[in-house]
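Engineer: What follows is run.pdb, PDB, C-alpha atoms.
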ATOM      1  CA  MET A   1     239.260 210.612 -90.996
ATOM      2  CA  THR A   2     238.701 213.455 -93.438
ATOM      3  CA  ASP A   3     236.810 216.583 -92.425
ATOM      4  CA  LEU A   4     233.895 215.595 -94.694
ATOM      5  CA  ARG A   5     233.616 212.098 -93.187
ATOM      6  CA  ARG A   6     233.915 213.556 -89.686
ATOM      7  CA  ARG A   7     231.059 216.028 -90.312
ATOM      8  CA  THR A   8     228.867 213.284 -91.811
ATOM      9  CA  PHE A   9     229.517 211.003 -88.827
ATOM     10  CA  LEU A  10     228.675 213.765 -86.336
ATOM     11  CA  ALA A  11     225.490 214.737 -88.215
ATOM     12  CA  ARG A  12     224.259 211.125 -88.221
ATOM     13  CA  GLY A  13     224.962 210.819 -84.512
ATOM     14  CA  MET A  14     223.084 213.988 -83.681
ATOM     15  CA  ALA A  15     220.095 212.906 -85.802
ATOM     16  CA  ALA A  16     219.972 209.524 -84.073
ATOM     17  CA  ALA A  17     220.164 211.142 -80.649
ATOM     18  CA  GLY A  18     217.417 213.590 -81.559
ATOM     19  CA  ALA A  19     215.145 210.808 -82.797
ATOM     20  CA  ALA A  20     215.723 208.819 -79.621
ATOM     21  CA  GLY A  21     214.948 211.861 -77.485
ATOM     22  CA  LEU A  22     211.748 212.554 -79.424
ATOM     23  CA  THR A  23     210.617 208.938 -79.014
ATOM     24  CA  ALA A  24     211.276 209.064 -75.279
ATOM     25  CA  ALA A  25     209.420 212.375 -74.933
ATOM     26  CA  CYS A  26     206.417 211.054 -76.867
ATOM     27  CA  SER A  27     206.254 207.958 -74.710
ATOM     28  CA  GLN A  28     206.012 210.195 -71.634
ATOM     29  CA  LEU A  29     203.194 212.449 -72.901
ATOM     30  CA  PRO A  30     200.116 212.254 -70.640
ATOM     31  CA  ILE A  31     196.998 210.689 -72.078
ATOM     32  CA  GLY A  32     194.345 213.422 -72.452
ATOM     33  CA  LYS A  33     190.954 213.328 -70.782
ATOM     34  CA  PRO A  34     188.102 212.121 -72.994
ATOM     35  CA  PRO A  35     186.039 214.939 -74.548
ATOM     36  CA  PRO A  36     182.870 215.899 -72.656
ATOM     37  CA  GLN A  37     179.484 214.567 -73.642
ATOM     38  CA  MET A  38     177.843 217.388 -75.578
ATOM     39  CA  TYR A  39     174.163 218.323 -75.246
ATOM     40  CA  THR A  40     171.925 220.709 -77.134
ATOM     41  CA  LEU A  41     168.386 222.000 -76.615
ATOM     42  CA  THR A  42     165.524 222.598 -79.053
ATOM     43  CA  PRO A  43     163.527 225.656 -80.194
ATOM     44  CA  LYS A  44     159.800 226.038 -79.603
ATOM     45  CA  SER A  45     157.480 225.295 -82.512
ATOM     46  CA  THR A  46     153.907 225.206 -81.120
ATOM     47  CA  TYR A  47     151.933 228.387 -80.435
ATOM     48  CA  PRO A  48     148.358 229.587 -79.853
ATOM     49  CA  ALA A  49     146.261 229.668 -83.007
ATOM     50  CA  ASP A  50     145.332 233.311 -82.398
ATOM     51  CA  LEU A  51     148.937 234.539 -82.275
ATOM     52  CA  PRO A  52     148.996 237.832 -84.251
ATOM     53  CA  GLU A  53     151.310 238.565 -87.150
ATOM     54  CA  ALA A  54     153.991 241.204 -86.595
ATOM     55  CA  PRO A  55     154.491 243.582 -89.550
ATOM     56  CA  TRP A  56     158.038 244.490 -88.446
ATOM     57  CA  GLN A  57     161.543 243.080 -88.247
ATOM     58  CA  LEU A  58     163.208 242.053 -84.987
ATOM     59  CA  ALA A  59     166.860 241.784 -83.977
ATOM     60  CA  VAL A  60     167.609 239.520 -81.010
ATOM     61  CA  GLU A  61     170.663 240.485 -78.965
ATOM     62  CA  ARG A  62     173.016 237.922 -77.499
ATOM     63  CA  PRO A  63     171.769 237.543 -73.921
ATOM     64  CA  SER A  64     173.800 239.122 -71.170
ATOM     65  CA  ALA A  65     174.491 236.773 -68.263
ATOM     66  CA  PRO A  66     176.558 236.463 -65.082
ATOM     67  CA  ALA A  67     180.062 235.132 -65.655
ATOM     68  CA  GLY A  68     179.120 231.779 -64.134
ATOM     69  CA  LEU A  69     176.421 231.229 -66.772
ATOM     70  CA  SER A  70     178.444 232.584 -69.724
ATOM     71  CA  SER A  71     179.908 229.142 -70.299
ATOM     72  CA  ALA A  72     179.305 225.921 -72.200
ATOM     73  CA  ARG A  73     179.516 224.042 -68.894
ATOM     74  CA  ILE A  74     176.193 222.922 -67.404
ATOM     75  CA  ALA A  75     175.662 224.855 -64.195
ATOM     76  CA  VAL A  76     174.521 223.280 -60.940
ATOM     77  CA  ALA A  77     173.771 224.967 -57.595
ATOM     78  CA  ARG A  78     173.626 223.072 -54.302
ATOM     79  CA  GLU A  79     173.053 226.227 -52.255
ATOM     80  CA  PRO A  80     171.550 229.608 -53.217
ATOM     81  CA  LEU A  81     174.950 231.338 -52.981
ATOM     82  CA  THR A  82     177.121 228.777 -54.803
ATOM     83  CA  LEU A  83     177.506 227.693 -58.413
ATOM     84  CA  ASP A  84     179.307 224.626 -59.730
ATOM     85  CA  TYR A  85     179.254 222.515 -62.896
ATOM     86  CA  TYR A  86     178.524 218.917 -63.824
ATOM     87  CA  ALA A  87     181.686 216.992 -64.695
ATOM     88  CA  GLY A  88     182.220 215.474 -68.139
ATOM     89  CA  VAL A  89     179.309 217.197 -69.880
ATOM     90  CA  ALA A  90     178.768 220.492 -71.708
ATOM     91  CA  TRP A  91     176.373 222.385 -73.929
ATOM     92  CA  VAL A  92     177.259 222.548 -77.633
ATOM     93  CA  ASP A  93     177.795 226.302 -77.237
ATOM     94  CA  ASP A  94     177.998 228.724 -74.344
ATOM     95  CA  ALA A  95     174.587 229.245 -72.750
ATOM     96  CA  PRO A  96     173.957 232.843 -73.980
ATOM     97  CA  ASN A  97     174.774 231.935 -77.606
ATOM     98  CA  MET A  98     172.620 228.819 -77.414
ATOM     99  CA  VAL A  99     169.648 230.701 -75.948
ATOM    100  CA  GLN A 100     169.963 233.432 -78.601
ATOM    101  CA  ARG A 101     169.978 230.866 -81.418
ATOM    102  CA  LEU A 102     167.004 228.967 -79.990
ATOM    103  CA  LEU A 103     165.035 232.172 -79.448
ATOM    104  CA  ILE A 104     165.572 233.252 -83.063
ATOM    105  CA  GLU A 105     164.542 229.807 -84.316
ATOM    106  CA  SER A 106     161.466 229.905 -82.075
ATOM    107  CA  PHE A 107     160.400 233.230 -83.602
ATOM    108  CA  GLU A 108     160.955 231.794 -87.082
ATOM    109  CA  ASN A 109     158.906 228.702 -86.222
ATOM    110  CA  SER A 110     155.936 230.902 -85.271
ATOM    111  CA  ASN A 111     155.544 232.007 -88.926
ATOM    112  CA  ARG A 112     154.130 235.263 -87.553
ATOM    113  CA  ILE A 113     156.980 237.718 -88.106
ATOM    114  CA  ILE A 114     158.354 239.270 -91.282
ATOM    115  CA  GLY A 115     162.002 239.017 -90.298
ATOM    116  CA  VAL A 116     164.098 238.058 -87.284
ATOM    117  CA  GLY A 117     167.846 237.657 -86.846
ATOM    118  CA  ARG A 118     170.865 238.288 -84.705
ATOM    119  CA  ASP A 119     171.623 241.822 -83.631
ATOM    120  CA  GLY A 120     174.340 243.271 -85.843
ATOM    121  CA  VAL A 121     173.574 241.295 -89.008
ATOM    122  CA  SER A 122     173.040 243.197 -92.232
ATOM    123  CA  PHE A 123     169.325 243.906 -92.056
ATOM    124  CA  ARG A 124     167.484 246.902 -90.675
ATOM    125  CA  SER A 125     165.384 245.995 -87.645
ATOM    126  CA  ASP A 126     162.386 247.949 -86.412
ATOM    127  CA  PHE A 127     162.862 246.604 -82.881
ATOM    128  CA  THR A 128     165.653 245.019 -80.862
ATOM    129  CA  LEU A 129     164.951 242.430 -78.190
ATOM    130  CA  LYS A 130     167.400 242.812 -75.321
ATOM    131  CA  VAL A 131     167.677 239.592 -73.325
ATOM    132  CA  GLU A 132     169.187 238.977 -69.896
ATOM    133  CA  LEU A 133     169.759 235.365 -68.842
ATOM    134  CA  ARG A 134     169.434 235.451 -65.059
ATOM    135  CA  GLU A 135     169.031 231.774 -64.106
ATOM    136  CA  PHE A 136     170.025 228.696 -66.089
ATOM    137  CA  GLN A 137     171.026 225.943 -63.698
ATOM    138  CA  ALA A 138     170.031 222.728 -61.959
ATOM    139  CA  GLU A 139     169.311 223.340 -58.256
ATOM    140  CA  TYR A 140     169.742 220.842 -55.408
ATOM    141  CA  PHE A 141     168.530 223.121 -52.604
ATOM    142  CA  ASP A 142     167.720 221.910 -49.070
ATOM    143  CA  GLY A 143     169.603 218.644 -49.550
ATOM    144  CA  ALA A 144     167.532 217.508 -52.535
ATOM    145  CA  GLU A 145     168.893 214.449 -54.335
ATOM    146  CA  ILE A 146     167.081 215.235 -57.595
ATOM    147  CA  PRO A 147     167.414 218.729 -59.081
ATOM    148  CA  THR A 148     164.909 221.366 -60.064
ATOM    149  CA  ILE A 149     165.794 223.171 -63.289
ATOM    150  CA  ASN A 150     165.519 226.961 -63.051
ATOM    151  CA  VAL A 151     165.368 229.088 -66.215
ATOM    152  CA  ARG A 152     164.746 232.826 -65.866
ATOM    153  CA  VAL A 153     165.131 235.641 -68.378
ATOM    154  CA  ASN A 154     164.226 239.305 -68.565
ATOM    155  CA  VAL A 155     163.516 240.883 -71.949
ATOM    156  CA  LYS A 156     163.083 244.445 -73.181
ATOM    157  CA  MET A 157     161.631 245.619 -76.476
ATOM    158  CA  VAL A 158     163.625 248.538 -77.829
ATOM    159  CA  GLN A 159     162.245 250.613 -80.707
ATOM    160  CA  MET A 160     164.805 251.510 -83.347
ATOM    161  CA  PRO A 161     166.459 253.788 -84.264
ATOM    162  CA  GLN A 162     165.393 255.846 -81.263
ATOM    163  CA  ARG A 163     166.496 253.017 -78.912
ATOM    164  CA  THR A 164     163.461 253.641 -76.727
ATOM    165  CA  ILE A 165     162.343 250.836 -74.400
ATOM    166  CA  THR A 166     158.666 250.216 -75.173
ATOM    167  CA  ALA A 167     158.017 247.174 -72.935
ATOM    168  CA  SER A 168     159.785 244.934 -70.435
ATOM    169  CA  GLN A 169     158.890 241.578 -68.912
ATOM    170  CA  GLY A 170     160.418 238.745 -66.888
ATOM    171  CA  PHE A 171     159.822 235.037 -67.532
ATOM    172  CA  GLU A 172     160.726 232.132 -65.259
ATOM    173  CA  THR A 173     160.094 228.398 -65.149
ATOM    174  CA  LYS A 174     161.123 225.951 -62.422
ATOM    175  CA  ARG A 175     160.665 222.307 -63.310
ATOM    176  CA  PRO A 176     161.712 219.233 -61.277
ATOM    177  CA  ALA A 177     163.707 216.572 -63.085
ATOM    178  CA  PRO A 178     162.298 213.023 -62.908
ATOM    179  CA  SER A 179     165.640 211.573 -61.818
ATOM    180  CA  ASN A 180     169.297 212.437 -61.291
ATOM    181  CA  ARG A 181     170.344 210.897 -64.601
ATOM    182  CA  MET A 182     172.006 213.396 -66.941
ATOM    183  CA  SER A 183     169.642 212.538 -69.797
ATOM    184  CA  ASP A 184     166.623 213.348 -67.619
ATOM    185  CA  ILE A 185     168.239 216.566 -66.389
ATOM    186  CA  VAL A 186     168.924 217.744 -69.962
ATOM    187  CA  HIS A 187     165.390 216.863 -71.085
ATOM    188  CA  THR A 188     164.075 218.925 -68.163
ATOM    189  CA  PHE A 189     166.304 221.852 -69.192
ATOM    190  CA  ASP A 190     164.767 221.503 -72.674
ATOM    191  CA  ALA A 191     161.202 221.535 -71.315
ATOM    192  CA  ALA A 192     161.818 224.478 -68.964
ATOM    193  CA  LEU A 193     163.589 226.568 -71.578
ATOM    194  CA  GLY A 194     160.877 225.679 -74.116
ATOM    195  CA  ILE A 195     158.207 227.205 -71.866
ATOM    196  CA  VAL A 196     160.241 230.390 -71.506
ATOM    197  CA  LEU A 197     160.960 230.592 -75.246
ATOM    198  CA  ARG A 198     157.274 230.195 -76.089
ATOM    199  CA  ASP A 199     156.230 232.800 -73.544
ATOM    200  CA  VAL A 200     158.792 235.313 -74.839
ATOM    201  CA  VAL A 201     157.670 234.825 -78.450
ATOM    202  CA  VAL A 202     153.972 235.126 -77.580
ATOM    203  CA  TRP A 203     154.520 238.209 -75.402
ATOM    204  CA  THR A 204     156.649 239.921 -78.048
ATOM    205  CA  LEU A 205     154.296 239.276 -80.963
ATOM    206  CA  ARG A 206     151.249 240.347 -78.983
ATOM    207  CA  LEU A 207     152.869 243.747 -78.495
ATOM    208  CA  SER A 208     152.009 244.404 -82.130
TER     209      SER A 208
END
Will you turn the file into structure tokens for me?
Structural biologist:
Amino acid sequence: MTDLRRRTFLARGMAAAGAAGLTAACSQLPIGKPPPQMYTLTPKSTYPADLPEAPWQLAVERPSAPAGLSSARIAVAREPLTLDYYAGVAWVDDAPNMVQRLLIESFENSNRIIGVGRDGVSFRSDFTLKVELREFQAEYFDGAEIPTINVRVNVKMVQMPQRTITASQGFETKRPAPSNRMSDIVHTFDAALGIVLRDVVVWTLRLS
């Protein structure tokens, strides 16, 4: 056998062995878990008729939050000192980003403010709204079989460019879910957060 034929024979053998190994490896790959069911919430769009107009622009900061709530996973607490997550479900974004987006949209839906946007975008704001997300979970306290949804935020109005805090307020809503079905739990999250979003918008605009 010539050197050329020998090299060709060896190359074909190595290629065949490699293909066989790849096929065997692929057949042993684990089947991945199905993707989680994704849920989103909605902004607020109904407000008191006497809501004043704000002649200034507002930047809304991304809410700060404890590490356990800075996640796209849907938080659940069975005791006051523990935090867990529902399996197989998630928010479409991490909770602070989602709340920031919904709060901005809620301000826009009021049609009572000249301009509102995310902190850091290219527009000059007269005020910045600092937001702290303190509670955002389903609670099964005292052995409850059906959860109560707890949403609590604290907000501060900061005048720019002096960065002076002009007002501060906390908002909280606890709302029992009608059942332990995930669809009912998410709808209750939506209702509870909607109350908080509306109250934050009304409080902020009435500062003007």
Engineer: How many Å separate CA of Leu58 in chain A from CA of Glu132 in chain A?
Structural biologist: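 Atom-to-atom, CA of Leu58 in chain A and CA of Glu132 in chain A are spaced 16.5 Å apart.
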Engineer: Could you state which residues are captured by the PyMOL selection byres ((chain A and resi 151) around 9) in this file, as a VMD selection string?
Structural biologist: chain A and resid 133 to 138 149 to 150 152 to 153 171 to 175 189 192 to 193 196
Engineer: Going by the chain IDs and residue numbers used in this file, which residues fall under the PyMOL selection byres ((chain A and resi 33-45) around 9)? Write them as a ChimeraX atom specification.
Structural biologist: /A:31-32,46-47,87-93,98-99,101-110,186-187,189-191,193-195,197-198
Engineer: So, with all atoms listed in the file as the atoms that count, which of A:Val131, A:Ala59, A:Val200, A:Val158 lies closest to Pro96 in chain A?
Structural biologist: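 Using all atoms listed in the file, the shortest distance to Pro96 in chain A belongs to A:Val131.
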Engineer: Show which residues sit within 10 Å of Gly143 in chain A, as JSON, numbers by chain. Count all atoms listed in the file, and ignore same-chain residues fewer than 4 positions away.
Structural biologist: {"A": [78, 79, 139, 147]}
Engineer: What separation in Å, quoted to one decimal, exists between CA of Ser71 in chain A and CA of Met182 in chain A?
Structural biologist: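 Rounded to one decimal, the two atoms are 17.9 Å apart.
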Engineer: What is the distance, in Å and to one decimal place, between CA of Arg124 in chain A and CA of Pro66 in chain A?
Structural biologist: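 These atoms are spaced 29.1 Å apart.
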